[in-house]
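Some notes on the structure that comes next.
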Amino acid sequence: MEETAASAQNAPLESLEEWEEFVRSRYPETDGKPAFQATNPHKRREEFRNYEADARPSVRAFYRLNHRHQTLEFVRAKRREYLSLDRRRMGVWEAMEYLNTLVDDSDPDTDLSQLEHLLQTAEQIRRDGHPRWFILAGLIHDLGKILCLWGEPQWAVVGDTFPVGCAYSPTIVFADYFAENPDYRNPEYQTRLGIYTENCGLQNVYLSWGHDEYLYHVVRDYLPEPALYMIRYHSFYPWHREGDYDYLTDSKDREMLAWVQAFNPYDLYTKSHERPDVAALRPYYEELIAEYFPPVLRW
Ligand SMILES: [Fe+2]
Ligand SMILES: [Fe+2]
């Protein structure tokens, strides 16, 4: 597909999946290390430099935009813009089908659709015998990506999330690109705590804006707390994989961390090219959705 300057500016990735592939390369399934480890951030930084050097130019361009533009003011503005949830009314299955209209330039023969990723994630959670709310969290966790359909650029929908309004951890991949973020030059935002207080709790922290935070607000009244944590923080790799930002968490966050970590392998490692049979699975999932959600939600 011919790329215009504008689309390259906002959409360096061929598909959103390209970001997820890169995350998978950083955290391969054979990685036998525990998910949470008190790493030496300097050693970790060196490892990240290797991933950065090997990353495709499109992935690098994507992180550059993400790190440059995700300021505290940007995050506040997006919350104001979206969290009144007055864009659309639709049910969960309808939202899944709507998300599936997101067509990017990736090869449709080898890449699974968004709907198929959601079903594969949920199906593996189901096979492993987890509770129904856990299966449901897997089914819906990426629905916030509909932000793309509303014109949000890739860097404001996906990407590893990180706190804004305080110093950037060196364990964030491509951390060097933060030098281009206007907040980087605001000393108030560049201390360890920045605008926050010690152990204030993640619910009081502004994470970079994306599909996690948005979906959390859509579903927050309907799901058990561990499911909400999985949805809200599944891209917060600096926390759930790198063990960083502990000083912003409270006891509830620390209790819930294990659930976020339990969810992560299902998100990353359930890709297979065997396509799920959407029609056959639909009745089971419609029933599961109805168990927790009203027929129509505010988006
Ligand atoms: Fe996601
Ligand atoms: Fe996902």
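Within each chain, counting starts at residue 1; across the structure tokens, chains are named A, B, ... in the order shown, with ligands numbered 1 upward in that order.
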Considering only C-alpha atoms, give me a table of residues in stretch 163-213 of chain A that are at most 12 Å from stretch 139-146 of chain A, with the closest atom pair and distance in Å for each, as a Markdown table.
| residue | atom | partner | partner_atom | distance |
| --- | --- | --- | --- | --- |
| A:Trp209 | CA | A:Gly144 | CA | 10.9 |
| A:Gly210 | CA | A:Gly144 | CA | 7.6 |
| A:His211 | CA | A:Gly144 | CA | 4.1 |
| A:Asp212 | CA | A:Gly144 | CA | 6.3 |
| A:Glu213 | CA | A:Gly144 | CA | 7.9 |
Go ahead and dump the residues you just picked, C-alpha atoms, as a short mmCIF file (atom, residue, chain, number, x, y, z; two decimals), in the first residue's frame.
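Result file follows (again29.cif):
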data_model
loop_
_atom_site.label_atom_id
_atom_site.label_comp_id
_atom_site.auth_asym_id
_atom_site.auth_seq_id
_atom_site.Cartn_x
_atom_site.Cartn_y
_atom_site.Cartn_z
CA TRP A 209 -2.72 6.85 27.12
CA GLY A 210 -3.81 3.77 25.23
CA HIS A 211 -6.24 0.89 24.82
CA ASP A 212 -5.77 -0.48 28.36
CA GLU A 213 -6.92 2.58 30.27
#
So which residues touch A:Phe174 within 9 Å, counting only C-alpha atoms, skipping near sequence neighbours fewer than 4 positions away, as a count of residues only?
9
Find the residues of chain A that sit at most 12 Å from ligand 2; for each, write down the nearest two atoms and how far apart they are in Å, to one decimal. Count only C-alpha atoms and all ligand atoms. Sort by chain, then by number going up, and give it as a tab-separated table.
residue	atom	partner	partner_atom_place_in_ligand_line	distance
A:Leu16	CA	ligand 2	1 (Fe)	10.0
A:Glu17	CA	ligand 2	1 (Fe)	9.0
A:Glu18	CA	ligand 2	1 (Fe)	11.9
A:Trp19	CA	ligand 2	1 (Fe)	10.6
A:Glu20	CA	ligand 2	1 (Fe)	7.8
A:Glu21	CA	ligand 2	1 (Fe)	10.8
A:Val23	CA	ligand 2	1 (Fe)	11.0
A:Arg24	CA	ligand 2	1 (Fe)	11.2
A:Leu112	CA	ligand 2	1 (Fe)	11.7
A:Ser113	CA	ligand 2	1 (Fe)	11.3
A:Gln114	CA	ligand 2	1 (Fe)	8.5
A:Leu115	CA	ligand 2	1 (Fe)	10.3
A:Glu116	CA	ligand 2	1 (Fe)	10.4
A:His117	CA	ligand 2	1 (Fe)	6.8
A:Leu118	CA	ligand 2	1 (Fe)	6.9
A:Leu119	CA	ligand 2	1 (Fe)	10.3
A:Gln120	CA	ligand 2	1 (Fe)	9.9
A:Thr121	CA	ligand 2	1 (Fe)	7.7
A:Ala122	CA	ligand 2	1 (Fe)	10.3
A:Ala137	CA	ligand 2	1 (Fe)	10.5
A:Gly138	CA	ligand 2	1 (Fe)	8.0
A:Leu139	CA	ligand 2	1 (Fe)	9.2
A:Ile140	CA	ligand 2	1 (Fe)	8.9
A:His141	CA	ligand 2	1 (Fe)	6.3
A:Asp142	CA	ligand 2	1 (Fe)	5.3
A:Leu143	CA	ligand 2	1 (Fe)	9.0
A:Gly144	CA	ligand 2	1 (Fe)	10.2
A:Lys145	CA	ligand 2	1 (Fe)	9.6
A:Val158	CA	ligand 2	1 (Fe)	9.9
A:Gly159	CA	ligand 2	1 (Fe)	11.2
A:Asp160	CA	ligand 2	1 (Fe)	11.8
A:His211	CA	ligand 2	1 (Fe)	10.0
A:Asp212	CA	ligand 2	1 (Fe)	9.8
A:Met230	CA	ligand 2	1 (Fe)	10.7
A:Ile231	CA	ligand 2	1 (Fe)	9.6
A:Arg232	CA	ligand 2	1 (Fe)	11.9
A:Tyr233	CA	ligand 2	1 (Fe)	11.5
A:His234	CA	ligand 2	1 (Fe)	8.2
A:Ser235	CA	ligand 2	1 (Fe)	8.7
A:Phe263	CA	ligand 2	1 (Fe)	10.0
A:Asn264	CA	ligand 2	1 (Fe)	8.7
A:Pro265	CA	ligand 2	1 (Fe)	10.0
A:Tyr266	CA	ligand 2	1 (Fe)	8.3
A:Asp267	CA	ligand 2	1 (Fe)	4.8
A:Leu268	CA	ligand 2	1 (Fe)	7.0
A:Tyr269	CA	ligand 2	1 (Fe)	9.8
A:Thr270	CA	ligand 2	1 (Fe)	9.6
A:Lys271	CA	ligand 2	1 (Fe)	9.9
Include N, CA and C atoms and write out the residues we just selected as a short mmCIF file (atom, residue, chain, number, x, y, z; two decimals), in the first residue's frame.
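And here's part_1.cif as it stands now:
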data_model
loop_
_atom_site.label_atom_id
_atom_site.label_comp_id
_atom_site.auth_asym_id
_atom_site.auth_seq_id
_atom_site.Cartn_x
_atom_site.Cartn_y
_atom_site.Cartn_z
N LEU A 16 -0.88 -3.21 14.15
CA LEU A 16 -0.66 -3.11 15.60
C LEU A 16 0.10 -4.33 16.11
N GLU A 17 -0.07 -5.41 15.39
CA GLU A 17 0.57 -6.67 15.77
C GLU A 17 2.10 -6.56 15.76
N GLU A 18 2.60 -5.63 14.96
CA GLU A 18 4.06 -5.46 14.88
C GLU A 18 4.63 -5.04 16.23
N TRP A 19 3.87 -4.22 16.97
CA TRP A 19 4.32 -3.86 18.33
C TRP A 19 4.31 -5.09 19.22
N GLU A 20 3.25 -5.88 19.14
CA GLU A 20 3.16 -7.05 20.00
C GLU A 20 4.24 -8.09 19.68
N GLU A 21 4.56 -8.21 18.40
CA GLU A 21 5.66 -9.11 18.02
C GLU A 21 6.97 -8.68 18.68
N VAL A 23 7.28 -6.97 21.46
CA VAL A 23 7.21 -7.29 22.90
C VAL A 23 7.53 -8.76 23.12
N ARG A 24 6.98 -9.60 22.25
CA ARG A 24 7.25 -11.05 22.36
C ARG A 24 8.73 -11.36 22.17
N LEU A 112 -3.49 -13.12 12.25
CA LEU A 112 -4.83 -13.31 12.77
C LEU A 112 -5.50 -11.97 12.94
N SER A 113 -6.82 -11.96 12.78
CA SER A 113 -7.56 -10.73 13.01
C SER A 113 -7.61 -10.45 14.51
N GLN A 114 -8.04 -9.24 14.84
CA GLN A 114 -8.19 -8.85 16.25
C GLN A 114 -9.16 -9.80 16.97
N LEU A 115 -10.25 -10.12 16.30
CA LEU A 115 -11.25 -11.01 16.89
C LEU A 115 -10.63 -12.39 17.17
N GLU A 116 -9.81 -12.86 16.24
CA GLU A 116 -9.19 -14.16 16.44
C GLU A 116 -8.18 -14.14 17.59
N HIS A 117 -7.43 -13.04 17.72
CA HIS A 117 -6.51 -12.93 18.87
C HIS A 117 -7.29 -12.99 20.18
N LEU A 118 -8.40 -12.29 20.24
CA LEU A 118 -9.20 -12.29 21.47
C LEU A 118 -9.73 -13.69 21.77
N LEU A 119 -10.23 -14.37 20.76
CA LEU A 119 -10.76 -15.71 20.97
C LEU A 119 -9.67 -16.71 21.34
N GLN A 120 -8.52 -16.60 20.73
CA GLN A 120 -7.42 -17.52 21.07
C GLN A 120 -6.96 -17.31 22.51
N THR A 121 -6.88 -16.05 22.90
CA THR A 121 -6.47 -15.74 24.28
C THR A 121 -7.49 -16.36 25.25
N ALA A 122 -8.77 -16.10 25.01
CA ALA A 122 -9.82 -16.60 25.90
C ALA A 122 -9.87 -18.12 25.91
N ALA A 137 -12.03 -11.72 30.69
CA ALA A 137 -10.98 -10.69 30.60
C ALA A 137 -10.13 -10.93 29.35
N GLY A 138 -9.80 -12.21 29.11
CA GLY A 138 -9.03 -12.53 27.91
C GLY A 138 -9.78 -12.19 26.64
N LEU A 139 -11.08 -12.44 26.67
CA LEU A 139 -11.90 -12.20 25.49
C LEU A 139 -11.95 -10.73 25.09
N ILE A 140 -11.96 -9.86 26.09
CA ILE A 140 -12.21 -8.44 25.78
C ILE A 140 -10.97 -7.55 25.90
N HIS A 141 -9.83 -8.09 26.36
CA HIS A 141 -8.76 -7.21 26.85
C HIS A 141 -8.27 -6.17 25.85
N ASP A 142 -8.42 -6.43 24.55
CA ASP A 142 -7.90 -5.47 23.57
C ASP A 142 -8.98 -4.63 22.90
N LEU A 143 -10.21 -4.68 23.41
CA LEU A 143 -11.28 -3.94 22.74
C LEU A 143 -11.03 -2.44 22.72
N GLY A 144 -10.20 -1.96 23.63
CA GLY A 144 -9.87 -0.53 23.64
C GLY A 144 -9.16 -0.08 22.37
N LYS A 145 -8.69 -1.05 21.59
CA LYS A 145 -8.05 -0.69 20.32
C LYS A 145 -9.01 -0.06 19.32
N VAL A 158 -1.54 1.74 21.25
CA VAL A 158 -0.73 0.62 21.74
C VAL A 158 0.66 1.10 22.16
N GLY A 159 1.48 0.17 22.61
CA GLY A 159 2.81 0.49 23.13
C GLY A 159 2.86 0.14 24.60
N ASP A 160 4.04 -0.19 25.09
CA ASP A 160 4.21 -0.43 26.52
C ASP A 160 3.81 0.85 27.25
N HIS A 211 -5.04 1.74 24.81
CA HIS A 211 -6.24 0.89 24.82
C HIS A 211 -6.55 0.30 26.19
N ASP A 212 -5.54 0.14 27.04
CA ASP A 212 -5.77 -0.48 28.36
C ASP A 212 -6.66 0.41 29.24
N MET A 230 -6.07 -6.80 35.12
CA MET A 230 -5.52 -7.41 33.90
C MET A 230 -5.74 -6.48 32.70
N ILE A 231 -6.95 -5.94 32.62
CA ILE A 231 -7.29 -5.08 31.48
C ILE A 231 -6.53 -3.76 31.55
N ARG A 232 -6.50 -3.16 32.72
CA ARG A 232 -5.94 -1.81 32.83
C ARG A 232 -4.42 -1.77 32.73
N TYR A 233 -3.77 -2.86 33.14
CA TYR A 233 -2.30 -2.81 33.24
C TYR A 233 -1.59 -3.85 32.38
N HIS A 234 -2.29 -4.45 31.42
CA HIS A 234 -1.62 -5.53 30.68
C HIS A 234 -0.46 -5.04 29.82
N SER A 235 -0.45 -3.76 29.44
CA SER A 235 0.69 -3.23 28.68
C SER A 235 1.73 -2.51 29.56
N PHE A 263 -2.01 -13.22 33.69
CA PHE A 263 -2.67 -12.96 32.41
C PHE A 263 -1.67 -12.83 31.26
N ASN A 264 -0.52 -12.23 31.50
CA ASN A 264 0.41 -11.85 30.43
C ASN A 264 0.78 -12.97 29.45
N PRO A 265 1.09 -14.18 29.93
CA PRO A 265 1.44 -15.24 28.96
C PRO A 265 0.31 -15.56 27.99
N TYR A 266 -0.94 -15.42 28.44
CA TYR A 266 -2.06 -15.70 27.53
C TYR A 266 -2.12 -14.64 26.43
N ASP A 267 -1.77 -13.43 26.77
CA ASP A 267 -1.78 -12.36 25.78
C ASP A 267 -0.64 -12.57 24.78
N LEU A 268 0.53 -12.92 25.29
CA LEU A 268 1.71 -12.99 24.42
C LEU A 268 1.86 -14.31 23.66
N TYR A 269 1.52 -15.41 24.28
CA TYR A 269 1.96 -16.69 23.72
C TYR A 269 0.86 -17.60 23.21
N THR A 270 -0.31 -17.07 22.96
CA THR A 270 -1.38 -17.96 22.48
C THR A 270 -1.58 -17.84 20.97
N LYS A 271 -0.65 -17.16 20.30
CA LYS A 271 -0.78 -17.05 18.85
C LYS A 271 -0.55 -18.41 18.21
#
I'd like the contact shell of A:Asp246 - 10 Å cut-off, only C-alpha atoms, skipping same-chain residues fewer than 6 positions apart - returned as a list in words.
Glu198, Asn199, Gly201, Leu202, Pro238, Trp239, His240, Asp253 and Arg254 of chain A
Nearest to A:Arg220 by atom-to-atom distance, counting only C-alpha atoms, from A:Phe74, A:Glu188, A:Gln154, A:Tyr292:
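Comparing A:Phe74, A:Glu188, A:Gln154, A:Tyr292 against A:Arg220, the winner is A:Tyr292.
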Quick one: distance from atom CA of A:Tyr98 to atom CA of A:Phe62 in Å, one decimal?
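Between these atoms lies a distance of 24.3 Å.
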Between atom CA of A:Glu73 and atom CA of A:Gly165, what is the distance, to one decimal in Å?
9.0 Å
Have a look at atom CA of A:Ile195 and atom CA of A:Val164 and let me know their distance in Å, one decimal.
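Going from atom CA of A:Ile195 over to atom CA of A:Val164, I get 9.1 Å.
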Near-A:Ala61 list (9 Å; only C-alpha atoms; drop same-chain fewer than 5 positions) as a list in words
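Result of the neighbour search: Gln9, Pro12, Leu13, Arg56 and Asn66 of chain A.
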Just the selected residues (N, CA and C atoms), exported as a short mmCIF file (atom, residue, chain, number, x, y, z; two decimals), in the first residue's frame, please.
data_model
loop_
_atom_site.label_atom_id
_atom_site.label_comp_id
_atom_site.auth_asym_id
_atom_site.auth_seq_id
_atom_site.Cartn_x
_atom_site.Cartn_y
_atom_site.Cartn_z
N GLN A 9 3.67 9.29 9.39
CA GLN A 9 3.85 10.07 10.61
C GLN A 9 3.07 9.46 11.77
N PRO A 12 3.54 4.35 11.69
CA PRO A 12 4.74 3.71 11.17
C PRO A 12 4.63 2.18 11.14
N LEU A 13 3.80 1.60 12.01
CA LEU A 13 3.67 0.14 12.04
C LEU A 13 2.77 -0.33 10.90
N ARG A 56 12.95 -3.40 14.04
CA ARG A 56 12.68 -2.88 12.69
C ARG A 56 12.56 -1.35 12.74
N ASN A 66 5.66 7.63 20.17
CA ASN A 66 5.01 7.37 21.45
C ASN A 66 5.71 8.12 22.58
#
Can you list every residue in stretch 107-278 of chain A that DSSP puts in alpha helix (DSSP H), as a VMD selection string?
chain A and resid 114 to 127 132 to 140 211 to 219 225 to 233 237 to 240 251 to 269 278
Check the smallest atom-to-atom distance from each of A:Asp183, A:Ala227, A:Phe22, A:Gly91 to A:Phe134 using only C-alpha atoms, then report the winner.
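When distances to A:Phe134 are compared using only C-alpha atoms, the smallest one comes from A:Ala227.
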Nearest residue to ligand 1 out of A:Glu123, A:Thr161, A:Glu274, A:Pro226, using only C-alpha atoms and all ligand atoms?
A:Thr161
